[in-house]
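J.: First, the structure itself, so that you have it in front of you.
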Amino acid sequence: MKAVICLLAAVILAGCNLQEERKDSRLALMKTTNPEPIQIEKDGVSVEKIRGEVEEVKEIYDAAVVKGDHNILVAYKVRHLDRFRMKKIEKNLQDRLEKEYSKETFIVSSDYKIFLEAVRLREDIDAGKVNDKEADKRLHRIIKLKQELT
Amino acid sequence: MANKNEKKTPTQQQYDKLNQKHELKRPVLKNCLRAFFVGGLICTIGQAITYFFIYFFNFTEQTAGNPTVATMVFLAMLLTGFGVYDHLGQYGGAGSAVPVSGFGNAVISAAIEHRTEGFVLGVGGNMFKLAGSVILFGVFAAFVVALIKTILIQWGGL
Amino acid sequence: MLAMFFWAFVIGGLICVIGQLMMDVGKLTPGHTLSTMVVVGAILSGFGLYEPLIDFAGAGATIPITSFGNSLVEGAMQESEKHGLVGVLTGMFEVTSSGISAAIIFGFIGAAVFKPKG
């Protein structure tokens with residue numbers, strides 16, 4: 001019994017110390033972070049505008065926008081009691097954005113992981129750890145993550 | 001029960017009724033509360049594991065379910081092996097049986113129990129003794145449901 | 001995220017209470033209860049009701065055994081979209097495999113490591 005508890009405690013502690021991250025991304029899932037949108041590709045519509053558009057949807061309270069070469073990633077959090085209708089919200093948002101900016105391709109996701117990765121990317125860019133090319137690569141990896149099914 | 005009651009005096013019957021009412025009512029409420037807390041706790045632990053996988057590994061909310069289930073079964077193995085899960089089962093009732101860890105416990109305890117009969121006939125043969133019905137009915141129900149749904153989608157234009 | 005923990009606790013707990021009621025009031029054995037819950041999960045999944053519950057309650061819906069029925073149907077449906085009726089048969093364990101394979105592997109390891117009691 002004691003051995004099990006000790007083992008569990010060790011695992012949890014190890015997990016906590018695994019990565020010393022900056023505060024924002026560590027708490028990204030717990031509170032509203034409102035990360036600055038990222039504009040890797042400078043042409044086309046501004047990410048600020050898209051974020052404004054996304055935040056107009058009343059079920060959404062936190063949005064991260066990343067604009068890359070070909071795609072625009074939109075990650076957001078849904079108010080908890082509206083999570084029952086999450087699939088519908090996702091579809092509506094996708095339709096709305098695609099209608100508004102018909103030239104762009106949108107990747108829309110409510111997944112926490114996608115949001116978290118977008119915040120982490122934002123922080124790494126701020127810290128000067130990644131340049132535009134690497135950032136675009138990171139974006140592609142996030143999009144791939146989103147397209148995995150099961 | 002009905003036959004027994006007829007032979008008793010009215011007072012005895014009344015007492016029986018009273019007795020029955022009290023005996024049945026109390027454990028149900030208590031058991032439900034316990035099941036609620038134990039089950040809720042197990043699910044909360046599961047949620048924590050899910051977030052652990054999201055934070056430190058490349059899993060999304062969608063894909064984190066599988067490693068979470070595997071981890072829960074692994075924990076169930078440890079708890080079963082050290083004999084903790086039995087106590088948890090006695091206390092929590094359905095609260096410890098309904099989560100996947102209960103499924104894991106059923107498989108693992110059967111495997112450990114029949115180990116003395118050898119690995120092939122004992123462990124292999126008895127592993128799914130308890131959990132087999134869950135798999136059977138789950139698979140068959142899923143087959144029927146998916147079949148009906150597919151037919152409706154393909155020919156009914158659902 | 002904190003709301004997620006709260007709802008995981010509540011929904012997970014409630015599903016377990018339903019199981020307890022089936023055992024106590026319905027006088028079913030644990031085996032019958034679990035089998036029924038899996039079937040109910042499969043049926044809810046067929047109506048598309050289980051997925052929103054997972055979105056809402058996270059592990060509160062994926063950890064109880066009802067999600068086993070759901071993921072069986074889910075796997076079958078995913079595969080049937082690609083291959084039609086045959087997919088219903090072949091896709092069944094596509095999503096669920098982790099729970100059962102984990103149970104088999106850890107069950108075997110457990111049997112090898114731990115000694116039976118009593």
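Identifiers in the structure tokens: chain A, B, ... in order shown; residue index from 1 per chain; ligand index from 1 in order shown.
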Write out, as a tab-separated table, each residue of chain C that has an atom at most 12 Å from chain A, together with the closest pair of atoms and their distance in Å to one decimal, counting only C-alpha atoms, rows going by chain and rising number.
T.:
```
residue	atom	partner	partner_atom	distance
C:Met1	CA	A:Met30	CA	5.0
C:Leu2	CA	A:Met30	CA	6.4
C:Ala3	CA	A:His80	CA	7.0
C:Met4	CA	A:His80	CA	7.7
C:Phe5	CA	A:Met30	CA	10.7
C:Phe6	CA	A:His80	CA	10.7
C:Trp7	CA	A:His80	CA	9.2
C:Ala8	CA	A:His80	CA	11.8
C:Gly48	CA	A:Lys87	CA	11.3
C:Leu49	CA	A:Phe84	CA	9.4
C:Tyr50	CA	A:Phe84	CA	9.9
C:Glu51	CA	A:Phe84	CA	8.4
C:Pro52	CA	A:Phe84	CA	4.6
C:Leu53	CA	A:Phe84	CA	6.4
C:Ile54	CA	A:Phe84	CA	8.4
C:Asp55	CA	A:Arg83	CA	5.8
C:Phe56	CA	A:Arg83	CA	5.1
C:Ala57	CA	A:Arg83	CA	8.7
C:Gly58	CA	A:Arg83	CA	10.2
C:Ser71	CA	A:Thr150	CA	9.8
C:Glu74	CA	A:Thr150	CA	9.6
C:Gly75	CA	A:Thr150	CA	8.8
C:Gln78	CA	A:Leu149	CA	9.5
C:Glu79	CA	A:Leu149	CA	11.8
C:Phe93	CA	A:Thr150	CA	11.7
C:Glu94	CA	A:Thr150	CA	8.6
C:Val95	CA	A:Thr150	CA	6.5
C:Thr96	CA	A:Thr150	CA	9.7
C:Ser97	CA	A:Thr150	CA	11.2
C:Ser98	CA	A:Thr150	CA	11.3
```
J.: As an mmCIF file with all heavy atoms, in the first residue's frame, please: the residues near B:Tyr51 (cut-off 10 Å, only C-alpha atoms, same-chain neighbours under 3 positions excluded).
T.:
```
data_model
loop_
_atom_site.group_PDB
_atom_site.id
_atom_site.type_symbol
_atom_site.label_atom_id
_atom_site.label_comp_id
_atom_site.auth_asym_id
_atom_site.auth_seq_id
_atom_site.Cartn_x
_atom_site.Cartn_y
_atom_site.Cartn_z
ATOM 1 N N LEU A 29 -4.371 26.242 -19.880
ATOM 2 C CA LEU A 29 -5.650 25.536 -19.890
ATOM 3 C C LEU A 29 -6.522 25.917 -18.705
ATOM 4 O O LEU A 29 -7.695 25.611 -18.653
ATOM 5 C CB LEU A 29 -5.413 24.024 -19.889
ATOM 6 C CG LEU A 29 -4.561 23.504 -21.039
ATOM 7 C CD1 LEU A 29 -4.499 21.998 -20.994
ATOM 8 C CD2 LEU A 29 -5.121 23.959 -22.369
ATOM 9 N N TYR A 112 -7.877 21.357 -26.545
ATOM 10 C CA TYR A 112 -6.960 22.004 -25.603
ATOM 11 C C TYR A 112 -5.522 21.906 -26.073
ATOM 12 O O TYR A 112 -4.728 22.819 -25.908
ATOM 13 C CB TYR A 112 -7.070 21.347 -24.222
ATOM 14 C CG TYR A 112 -8.228 21.818 -23.404
ATOM 15 C CD1 TYR A 112 -8.896 20.949 -22.555
ATOM 16 C CD2 TYR A 112 -8.652 23.143 -23.455
ATOM 17 C CE1 TYR A 112 -9.953 21.373 -21.788
ATOM 18 C CE2 TYR A 112 -9.706 23.580 -22.695
ATOM 19 C CZ TYR A 112 -10.366 22.690 -21.850
ATOM 20 O OH TYR A 112 -11.409 23.100 -21.091
ATOM 21 N N LYS A 113 -5.184 20.736 -26.627
ATOM 22 C CA LYS A 113 -3.807 20.515 -27.032
ATOM 23 C C LYS A 113 -3.381 21.521 -28.094
ATOM 24 O O LYS A 113 -2.285 22.076 -28.039
ATOM 25 C CB LYS A 113 -3.654 19.085 -27.567
ATOM 26 C CG LYS A 113 -2.275 18.752 -28.077
ATOM 27 C CD LYS A 113 -1.280 18.693 -26.961
ATOM 28 C CE LYS A 113 0.106 18.357 -27.475
ATOM 29 N NZ LYS A 113 1.080 18.370 -26.385
ATOM 30 N N ILE B 45 -9.183 11.296 -11.450
ATOM 31 C CA ILE B 45 -7.805 10.849 -11.656
ATOM 32 C C ILE B 45 -7.558 10.627 -13.147
ATOM 33 O O ILE B 45 -6.533 11.022 -13.700
ATOM 34 C CB ILE B 45 -7.529 9.555 -10.866
ATOM 35 C CG1 ILE B 45 -7.592 9.847 -9.368
ATOM 36 C CG2 ILE B 45 -6.171 8.969 -11.228
ATOM 37 C CD1 ILE B 45 -7.571 8.612 -8.496
ATOM 38 N N GLY B 46 -8.538 10.010 -13.805
ATOM 39 C CA GLY B 46 -8.430 9.795 -15.247
ATOM 40 C C GLY B 46 -8.273 11.104 -15.994
ATOM 41 O O GLY B 46 -7.458 11.215 -16.915
ATOM 42 N N GLN B 47 -9.036 12.102 -15.566
ATOM 43 C CA GLN B 47 -8.938 13.416 -16.207
ATOM 44 C C GLN B 47 -7.546 14.004 -16.011
ATOM 45 O O GLN B 47 -6.958 14.570 -16.932
ATOM 46 C CB GLN B 47 -10.002 14.349 -15.610
ATOM 47 C CG GLN B 47 -10.147 15.669 -16.318
ATOM 48 C CD GLN B 47 -10.676 15.507 -17.715
ATOM 49 O OE1 GLN B 47 -11.672 14.840 -17.948
ATOM 50 N NE2 GLN B 47 -9.996 16.099 -18.678
ATOM 51 N N ALA B 48 -7.001 13.832 -14.808
ATOM 52 C CA ALA B 48 -5.655 14.336 -14.538
ATOM 53 C C ALA B 48 -4.641 13.640 -15.439
ATOM 54 O O ALA B 48 -3.733 14.283 -15.990
ATOM 55 C CB ALA B 48 -5.296 14.119 -13.074
ATOM 56 N N ILE B 54 -1.691 15.300 -22.407
ATOM 57 C CA ILE B 54 -1.803 16.453 -23.304
ATOM 58 C C ILE B 54 -0.632 17.397 -23.090
ATOM 59 O O ILE B 54 -0.037 17.896 -24.041
ATOM 60 C CB ILE B 54 -3.146 17.187 -23.068
ATOM 61 C CG1 ILE B 54 -4.309 16.336 -23.571
ATOM 62 C CG2 ILE B 54 -3.149 18.530 -23.784
ATOM 63 C CD1 ILE B 54 -5.660 16.938 -23.326
ATOM 64 N N TYR B 55 -0.259 17.604 -21.834
ATOM 65 C CA TYR B 55 0.795 18.560 -21.536
ATOM 66 C C TYR B 55 2.173 18.075 -21.968
ATOM 67 O O TYR B 55 2.944 18.806 -22.551
ATOM 68 C CB TYR B 55 0.816 18.847 -20.032
ATOM 69 C CG TYR B 55 0.218 20.178 -19.684
ATOM 70 C CD1 TYR B 55 -1.136 20.300 -19.448
ATOM 71 C CD2 TYR B 55 1.014 21.315 -19.610
ATOM 72 C CE1 TYR B 55 -1.688 21.522 -19.145
ATOM 73 C CE2 TYR B 55 0.472 22.538 -19.307
ATOM 74 C CZ TYR B 55 -0.883 22.643 -19.066
ATOM 75 O OH TYR B 55 -1.421 23.840 -18.779
ATOM 76 N N PHE B 56 2.483 16.828 -21.655
ATOM 77 C CA PHE B 56 3.874 16.401 -21.803
ATOM 78 C C PHE B 56 4.117 15.490 -22.997
ATOM 79 O O PHE B 56 5.244 15.190 -23.329
ATOM 80 C CB PHE B 56 4.342 15.713 -20.526
ATOM 81 C CG PHE B 56 4.302 16.636 -19.347
ATOM 82 C CD1 PHE B 56 3.402 16.425 -18.320
ATOM 83 C CD2 PHE B 56 5.152 17.728 -19.286
ATOM 84 C CE1 PHE B 56 3.364 17.292 -17.242
ATOM 85 C CE2 PHE B 56 5.115 18.592 -18.212
ATOM 86 C CZ PHE B 56 4.223 18.376 -17.187
ATOM 87 N N PHE B 57 3.066 15.000 -23.627
ATOM 88 C CA PHE B 57 3.246 14.163 -24.803
ATOM 89 C C PHE B 57 2.420 14.722 -25.944
ATOM 90 O O PHE B 57 1.628 15.639 -25.745
ATOM 91 C CB PHE B 57 2.817 12.722 -24.518
ATOM 92 C CG PHE B 57 3.666 12.049 -23.484
ATOM 93 C CD1 PHE B 57 3.294 12.103 -22.153
ATOM 94 C CD2 PHE B 57 4.826 11.398 -23.828
ATOM 95 C CE1 PHE B 57 4.071 11.501 -21.180
ATOM 96 C CE2 PHE B 57 5.612 10.797 -22.873
ATOM 97 C CZ PHE B 57 5.239 10.842 -21.535
ATOM 98 N N PHE B 59 -0.299 14.253 -27.446
ATOM 99 C CA PHE B 59 -1.660 13.748 -27.579
ATOM 100 C C PHE B 59 -2.639 14.905 -27.530
ATOM 101 O O PHE B 59 -2.461 15.847 -26.763
ATOM 102 C CB PHE B 59 -1.987 12.771 -26.452
ATOM 103 C CG PHE B 59 -1.286 11.457 -26.595
ATOM 104 C CD1 PHE B 59 -0.194 11.153 -25.805
ATOM 105 C CD2 PHE B 59 -1.714 10.527 -27.530
ATOM 106 C CE1 PHE B 59 0.456 9.931 -25.942
ATOM 107 C CE2 PHE B 59 -1.070 9.321 -27.668
ATOM 108 C CZ PHE B 59 0.019 9.018 -26.874
ATOM 109 N N THR B 60 -3.670 14.824 -28.369
ATOM 110 C CA THR B 60 -4.723 15.821 -28.299
ATOM 111 C C THR B 60 -5.829 15.296 -27.391
ATOM 112 O O THR B 60 -5.786 14.152 -26.947
ATOM 113 C CB THR B 60 -5.298 16.101 -29.690
ATOM 114 O OG1 THR B 60 -5.839 14.881 -30.190
ATOM 115 C CG2 THR B 60 -4.234 16.589 -30.630
ATOM 116 N N GLU B 61 -6.802 16.139 -27.140
ATOM 117 C CA GLU B 61 -7.938 15.706 -26.327
ATOM 118 C C GLU B 61 -8.577 14.438 -26.913
ATOM 119 O O GLU B 61 -9.015 13.562 -26.195
ATOM 120 C CB GLU B 61 -8.990 16.809 -26.322
ATOM 121 C CG GLU B 61 -9.170 17.475 -24.999
ATOM 122 C CD GLU B 61 -10.208 18.550 -25.111
ATOM 123 O OE1 GLU B 61 -9.933 19.580 -25.755
ATOM 124 O OE2 GLU B 61 -11.295 18.356 -24.592
ATOM 125 N N ALA B 64 -5.904 11.411 -26.488
ATOM 126 C CA ALA B 64 -5.377 11.110 -25.160
ATOM 127 C C ALA B 64 -6.181 10.020 -24.450
ATOM 128 O O ALA B 64 -5.712 9.451 -23.474
ATOM 129 C CB ALA B 64 -5.343 12.374 -24.302
ATOM 130 N N THR B 68 -4.771 7.062 -21.676
ATOM 131 C CA THR B 68 -5.370 7.218 -20.349
ATOM 132 C C THR B 68 -5.969 5.899 -19.879
ATOM 133 O O THR B 68 -5.731 5.458 -18.746
ATOM 134 C CB THR B 68 -6.467 8.290 -20.384
ATOM 135 O OG1 THR B 68 -5.913 9.499 -20.874
ATOM 136 C CG2 THR B 68 -7.039 8.518 -18.998
ATOM 137 N N MET C 1 -10.520 24.382 -17.509
ATOM 138 C CA MET C 1 -9.902 23.113 -17.132
ATOM 139 C C MET C 1 -10.391 22.668 -15.761
ATOM 140 O O MET C 1 -10.681 21.495 -15.543
ATOM 141 C CB MET C 1 -8.389 23.300 -17.099
ATOM 142 C CG MET C 1 -7.672 22.075 -16.624
ATOM 143 S SD MET C 1 -5.998 22.089 -17.220
ATOM 144 C CE MET C 1 -5.149 21.369 -15.860
ATOM 145 N N ALA C 59 -12.939 12.782 -19.075
ATOM 146 C CA ALA C 59 -12.723 11.451 -18.517
ATOM 147 C C ALA C 59 -13.947 10.940 -17.761
ATOM 148 O O ALA C 59 -14.105 9.732 -17.587
ATOM 149 C CB ALA C 59 -11.514 11.459 -17.597
#
```
J.: Let me make sure I understand: among A:Arg122, A:Gly68, A:Glu56, A:Glu104, which one has the smallest atom-to-atom distance to A:Thr33 if we use only C-alpha atoms?
T.: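 Between A:Arg122, A:Gly68, A:Glu56, A:Glu104, the residue approaching A:Thr33 most closely is A:Arg122.
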J.: Apply DSSP to the backbone of this structure and, from stretch 20-144 of chain B, keep only the residues in helix (DSSP H, G or I); write these as a PyMOL selection string.
T.: chain B and resi 20-56+65-81+84-92+94-97+100-117+119-126+132-144
J.: Excluding A:Glu100 and its own-chain neighbours fewer than 4 positions away, which residues fall within 12 Å of it when counting only C-alpha atoms? Please give them as a PyMOL selection string.
T.: chain A and resi 45+49-50+53-54+93-96+104-106
J.: Quick one: residues within 10 Å of B:Lys129, only C-alpha atoms, excluding same-chain residues fewer than 2 positions away - as a PyMOL selection string?
T.: chain B and resi 106-107+110-111+124-127+131-133
J.: Please write the residues from the selection above to a file, keeping N, CA and C atoms, as a PDB file, in the first residue's frame.
T.:
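again06.pdb written:
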```
ATOM      1  N   ALA B 106     -11.180  -6.920 -13.009  1.00  0.00           N
ATOM      2  CA  ALA B 106     -11.832  -8.213 -13.244  1.00  0.00           C
ATOM      3  C   ALA B 106     -10.907  -9.145 -14.028  1.00  0.00           C
ATOM      4  N   VAL B 107     -10.267  -8.599 -15.069  1.00  0.00           N
ATOM      5  CA  VAL B 107      -9.380  -9.428 -15.888  1.00  0.00           C
ATOM      6  C   VAL B 107      -8.158  -9.863 -15.081  1.00  0.00           C
ATOM      7  N   ALA B 110      -8.704 -12.278 -12.098  1.00  0.00           N
ATOM      8  CA  ALA B 110      -8.937 -13.637 -12.578  1.00  0.00           C
ATOM      9  C   ALA B 110      -7.633 -14.274 -13.037  1.00  0.00           C
ATOM     10  N   ALA B 111      -6.793 -13.482 -13.699  1.00  0.00           N
ATOM     11  CA  ALA B 111      -5.516 -14.007 -14.182  1.00  0.00           C
ATOM     12  C   ALA B 111      -4.626 -14.427 -13.017  1.00  0.00           C
ATOM     13  N   GLY B 124      -4.489 -18.105 -19.135  1.00  0.00           N
ATOM     14  CA  GLY B 124      -5.066 -17.869 -20.452  1.00  0.00           C
ATOM     15  C   GLY B 124      -6.537 -18.211 -20.513  1.00  0.00           C
ATOM     16  N   GLY B 125      -6.889 -19.308 -19.901  1.00  0.00           N
ATOM     17  CA  GLY B 125      -8.270 -19.770 -20.011  1.00  0.00           C
ATOM     18  C   GLY B 125      -9.247 -19.024 -19.139  1.00  0.00           C
ATOM     19  N   ASN B 126      -8.764 -18.465 -18.037  1.00  0.00           N
ATOM     20  CA  ASN B 126      -9.703 -17.865 -17.088  1.00  0.00           C
ATOM     21  C   ASN B 126      -9.674 -16.345 -17.054  1.00  0.00           C
ATOM     22  N   MET B 127      -8.746 -15.783 -17.794  1.00  0.00           N
ATOM     23  CA  MET B 127      -8.569 -14.330 -17.768  1.00  0.00           C
ATOM     24  C   MET B 127      -9.876 -13.582 -18.017  1.00  0.00           C
ATOM     25  N   ALA B 131     -14.807 -10.803 -17.366  1.00  0.00           N
ATOM     26  CA  ALA B 131     -14.930  -9.670 -18.274  1.00  0.00           C
ATOM     27  C   ALA B 131     -15.430 -10.087 -19.646  1.00  0.00           C
ATOM     28  N   GLY B 132     -15.453 -11.395 -19.900  1.00  0.00           N
ATOM     29  CA  GLY B 132     -15.845 -11.877 -21.220  1.00  0.00           C
ATOM     30  C   GLY B 132     -17.232 -11.430 -21.627  1.00  0.00           C
ATOM     31  N   SER B 133     -18.165 -11.446 -20.675  1.00  0.00           N
ATOM     32  CA  SER B 133     -19.535 -11.078 -21.032  1.00  0.00           C
ATOM     33  C   SER B 133     -19.610  -9.613 -21.434  1.00  0.00           C
TER      34      SER B 133
END
```
J.: Counting only C-alpha atoms, which of A:Val130, A:Val47, A:Ile114, A:Val119 gets nearest to chain B?
T.: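 Among the listed residues, the smallest separation from chain B belongs to A:Ile114.
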J.: Taking 6 positions as the minimum chain separation for residues in the same chain, which residues sit within 8 Å of C:Ile43 when counting only C-alpha atoms? Answer as number ranges by chain.
T.: B: 141-142, 145; C: 69-70
J.: Find the residue from B:Leu75, B:Ile135, B:Ile112, B:Leu18 that sits nearest to C:Ala102; use only C-alpha atoms when measuring.
T.: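 Nearest candidate to C:Ala102 out of B:Leu75, B:Ile135, B:Ile112, B:Leu18: B:Leu75.
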J.: Name all residues at most 10 Å from C:Val113 (count only C-alpha atoms; drop same-chain ones fewer than 4 positions away) and give them as a count of residues only.
T.: 5
